[in-house]
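Visitor: TSV, C-alpha atoms, file work.tsv:
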chain	number	residue	atom	x	y	z
J	1	MET	CA	104.44	80.58	107.46
J	2	ALA	CA	103.65	79.97	111.05
J	3	ARG	CA	102.25	76.70	112.14
J	4	TYR	CA	99.22	76.77	114.43
J	5	ASP	CA	98.65	74.08	116.98
J	6	GLU	CA	95.27	72.62	117.59
J	7	TYR	CA	95.40	73.72	121.17
J	8	ASP	CA	96.27	77.36	120.91
J	9	ASP	CA	96.47	78.88	124.38
J	10	ASP	CA	96.26	82.48	123.19
J	11	ARG	CA	93.21	84.25	124.38
J	12	VAL	CA	90.98	86.06	121.96
J	13	VAL	CA	89.32	89.29	122.95
J	14	LEU	CA	86.26	90.41	121.06
J	15	ILE	CA	85.37	94.07	121.11
J	16	ASP	CA	81.84	95.10	120.28
J	17	ARG	CA	81.90	98.58	118.85
J	18	ASP	CA	78.91	100.84	118.91
J	19	ASN	CA	79.14	103.35	116.10
J	20	GLY	CA	77.12	105.89	118.05
J	21	THR	CA	73.88	105.07	116.28
J	22	SER	CA	70.80	105.14	118.37
J	23	GLY	CA	67.75	102.98	118.03
J	24	VAL	CA	65.69	105.91	116.71
J	25	GLY	CA	67.30	105.93	113.26
J	26	THR	CA	67.00	102.19	112.95
J	27	PHE	CA	63.38	102.36	114.09
J	28	LEU	CA	62.49	105.00	111.49
J	29	LEU	CA	64.21	103.05	108.71
J	30	GLY	CA	62.33	99.90	109.71
J	31	LEU	CA	59.08	101.85	109.84
J	32	ALA	CA	59.57	103.23	106.33
J	33	LEU	CA	60.58	99.86	104.87
J	34	GLY	CA	57.67	98.10	106.54
J	35	ALA	CA	55.15	100.68	105.31
J	36	GLY	CA	56.57	100.50	101.77
J	37	ALA	CA	56.47	96.71	101.72
J	38	ALA	CA	52.91	96.67	103.08
J	39	LEU	CA	51.76	99.01	100.32
J	40	LEU	CA	53.48	97.12	97.54
J	41	PHE	CA	52.02	93.80	98.51
J	42	ALA	CA	48.53	95.03	99.41
J	43	PRO	CA	45.78	94.36	96.82
J	44	ALA	CA	44.27	97.83	96.57
J	45	SER	CA	43.51	100.40	93.86
J	46	GLY	CA	45.73	103.44	93.21
J	47	ALA	CA	43.38	105.85	95.02
J	48	GLU	CA	43.19	103.61	98.06
J	49	THR	CA	46.94	103.15	98.05
J	50	ARG	CA	47.52	106.92	97.86
J	51	GLN	CA	45.08	107.45	100.71
J	52	ARG	CA	46.85	104.82	102.77
J	53	LEU	CA	50.21	106.42	102.00
J	54	GLN	CA	48.91	109.79	103.18
J	55	ASP	CA	47.44	108.30	106.34
J	56	GLU	CA	50.63	106.38	107.11
J	57	ALA	CA	52.73	109.50	106.43
J	58	ARG	CA	50.58	111.49	108.87
J	59	ARG	CA	50.83	108.78	111.51
J	60	ALA	CA	54.59	108.48	111.01
J	61	GLY	CA	54.88	112.28	111.23
J	62	ARG	CA	52.93	112.29	114.51
J	63	ARG	CA	55.10	109.49	115.89
J	64	VAL	CA	58.28	111.31	114.91
J	65	LYS	CA	56.94	114.54	116.46
J	66	ASP	CA	56.00	112.70	119.64
J	67	MET	CA	59.42	111.06	119.79
J	68	THR	CA	61.26	114.35	119.22
J	69	ASP	CA	59.10	116.08	121.83
J	70	GLU	CA	59.85	113.30	124.30
J	71	PHE	CA	63.55	113.43	123.46
J	72	GLY	CA	63.53	117.23	123.83
J	73	ASP	CA	61.87	116.93	127.23
J	74	LYS	CA	64.47	114.40	128.34
J	75	VAL	CA	67.30	116.66	127.17
J	76	ALA	CA	65.75	119.69	128.90
J	77	ASP	CA	65.35	117.69	132.13
J	78	SER	CA	68.93	116.48	131.89
J	79	VAL	CA	70.21	120.02	131.29
J	80	GLU	CA	68.18	121.35	134.21
J	81	LYS	CA	69.43	118.58	136.50
J	82	THR	CA	73.04	119.21	135.45
J	83	ARG	CA	72.63	122.96	135.96
J	84	PHE	CA	71.18	122.38	139.43
J	85	GLN	CA	74.06	120.07	140.38
J	86	PHE	CA	76.60	122.56	139.03
J	87	ASP	CA	75.02	125.43	140.96
J	88	GLU	CA	74.98	123.30	144.09
J	89	GLN	CA	78.67	122.42	143.73
J	90	VAL	CA	79.59	126.05	143.04
J	91	GLY	CA	77.65	127.08	146.16
J	92	ARG	CA	79.50	124.51	148.27
J	93	ALA	CA	82.85	125.63	146.86
J	94	ARG	CA	81.97	129.28	147.48
J	95	ASP	CA	80.98	128.46	151.08
J	96	ALA	CA	84.25	126.56	151.61
J	97	VAL	CA	86.31	129.45	150.24
J	98	THR	CA	84.39	131.96	152.37
J	99	SER	CA	84.99	129.77	155.42
J	100	ARG	CA	88.73	129.55	154.69
J	101	VAL	CA	88.97	133.30	154.11
J	102	GLN	CA	87.20	133.92	157.41
J	103	ALA	CA	89.53	131.50	159.21
J	104	VAL	CA	92.60	133.21	157.74
J	105	GLY	CA	91.18	136.63	158.71
J	106	ASP	CA	90.57	135.40	162.25
J	107	ALA	CA	94.11	134.00	162.45
J	108	VAL	CA	95.59	137.28	161.20
J	109	SER	CA	93.55	139.24	163.75
J	110	ALA	CA	94.62	136.90	166.54
J	111	GLY	CA	98.25	137.24	165.43
J	112	ARG	CA	98.01	141.03	165.41
J	113	ASP	CA	96.41	141.03	168.85
J	114	ALA	CA	99.09	138.69	170.22
J	115	ALA	CA	101.88	140.81	168.69
J	116	SER	CA	100.35	143.98	170.13
J	117	GLN	CA	100.04	142.35	173.56
J	118	ALA	CA	103.63	141.05	173.38
J	119	ARG	CA	104.87	144.50	172.42
J	120	ALA	CA	102.98	146.10	175.33
J	121	ASP	CA	104.40	143.47	177.71
J	122	LEU	CA	107.91	144.04	176.40
J	123	GLU	CA	107.60	147.82	176.67
J	124	ARG	CA	106.31	147.44	180.24
J	125	ALA	CA	109.22	145.11	181.12
J	126	VAL	CA	111.75	147.54	179.61
J	127	ALA	CA	110.19	150.43	181.53
J	128	ASP	CA	110.27	148.38	184.74
J	129	SER	CA	113.94	147.51	184.14
J	130	LYS	CA	114.83	151.14	183.50
J	131	ARG	CA	112.98	152.18	186.64
J	132	ALA	CA	114.73	149.48	188.72
J	133	TYR	CA	118.12	150.50	187.32
J	134	ALA	CA	117.47	154.18	188.07
J	135	ASP	CA	116.29	153.30	191.57
J	136	SER	CA	119.39	151.23	192.26
J	137	ARG	CA	121.68	154.02	191.04
J	138	ARG	CA	119.81	156.53	193.17
J	139	ALA	CA	120.07	154.22	196.19
J	140	TYR	CA	123.78	153.75	195.61
J	141	ARG	CA	124.37	157.50	195.39
J	142	GLU	CA	122.40	158.07	198.56
J	143	HIS	CA	124.36	155.37	200.30
J	144	GLY	CA	127.60	157.01	199.14
J	145	ARG	CA	126.49	160.39	200.43
J	146	ARG	CA	125.52	159.03	203.85
J	147	HIS	CA	128.71	157.07	204.41
J	148	GLY	CA	131.07	159.50	202.73
J	149	PRO	CA	133.71	159.11	200.03
J	150	ASP	CA	136.32	157.51	202.35
J	151	ASP	CA	134.57	154.11	202.22
J	152	GLY	CA	136.87	153.14	199.36
J	153	SER	CA	136.08	152.28	195.83
J	154	ALA	CA	132.70	151.19	194.53
J	155	PRO	CA	131.81	147.52	194.59
J	156	ASP	CA	132.30	145.63	191.36
J	157	ASP	CA	128.58	145.27	190.72
J	158	MET	CA	128.09	149.04	190.86
J	159	ILE	CA	130.53	149.89	188.07
J	160	SER	CA	128.82	151.16	184.92
J	161	SER	CA	129.15	149.41	181.61
J	162	SER	CA	131.76	151.98	180.51
J	163	GLY	CA	134.02	150.94	183.39
J	164	GLU	CA	133.60	154.11	185.45
J	165	GLU	CA	132.44	154.08	189.00
J	166	SER	CA	128.94	155.34	189.32
J	167	ALA	CA	129.53	156.88	192.78
J	168	GLY	CA	131.53	159.75	191.30
J	169	ALA	CA	128.82	160.73	188.83
J	170	SER	CA	127.02	163.95	189.48
J	171	SER	CA	123.25	163.71	189.54
J	172	GLU	CA	120.97	161.48	187.51
J	173	GLY	CA	117.45	161.30	187.38
Can you present the structure in this file as structure tokens?
Guide:
Amino acid sequence: MARYDEYDDDRVVLIDRDNGTSGVGTFLLGLALGAGAALLFAPASGAETRQRLQDEARRAGRRVKDMTDEFGDKVADSVEKTRFQFDEQVGRARDAVTSRVQAVGDAVSAGRDAASQARADLERAVADSKRAYADSRRAYREHGRRHGPDDGSAPDDMISSSGEESAGASSEG
């Protein structure tokens, strides 16, 4: 067996557990016991006692009905409040999603516009390069015709990518 010191330093934690009972059940039980005890100890005849029992039963019934009505109203109010909060949160979430979808749509549209513009710019640059190349070839041919073929070979920068001199080519367009 373990020996316990007088000065035990272990802490003790007490937990109060509520079994889920509400005060309504306890109240009704107390009401019934109190009414029963009052009738048993009251000096009255049987007819008076029965009348009292009926009156008390009616009053207790009215109290229970009032309490259940009040409880029902509280529950209905709570449900309505919860429903309102839920609808409000769903509305905010729906608005946020709609906003994000719109932002993504705007970004996609901007991307498409930028890509279209970049393509047009690139096509324009390619067309300008082709035009400049054709103009330079045409100018070179005209220069070769004016000065004649006995000038010698073509300069290095006027040789085509295939390695042939472009002065000897027939006509291009």
Visitor: Suppose you want the space between CA of Ala139 (chain J) and CA of Val126 (chain J); what is it in Å?
Guide: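 We find that CA of Ala139 (chain J) and CA of Val126 (chain J) lie 19.7 Å from each other.
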Visitor: To one decimal in Å, tell me the separation between CA of Val64 (chain J) and CA of Leu31 (chain J).
Guide: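 The value is 10.8 Å.
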Visitor: What does the structure give for the distance between CA of Gln51 (chain J) and CA of Thr68 (chain J), in Å to one decimal?
Guide: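 That distance, rounded to one decimal, is 25.5 Å.
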Visitor: Compare J:Gly23, J:Ser99, J:Ala118, J:Leu53 by their minimum atom-to-atom distance to Ala37 (chain J), counting all atoms listed in the file, and give me the closest one.
Guide: J:Leu53
Visitor: Rank J:Val104, J:Leu28, J:Val79, J:Ala115 by their smallest atom-to-atom distance to Met67 (chain J), using all atoms listed in the file, and report the top residue only.
Guide: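 So, comparing all the options, the nearest one is J:Leu28.
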Visitor: Excluding same-chain residues fewer than 5 positions from Ala35 (chain J), what lies within 10 Å of it counting all atoms listed in the file, as a VMD selection string?
Guide: chain J and resid 29 to 30 40 52 to 53 56 to 57 60
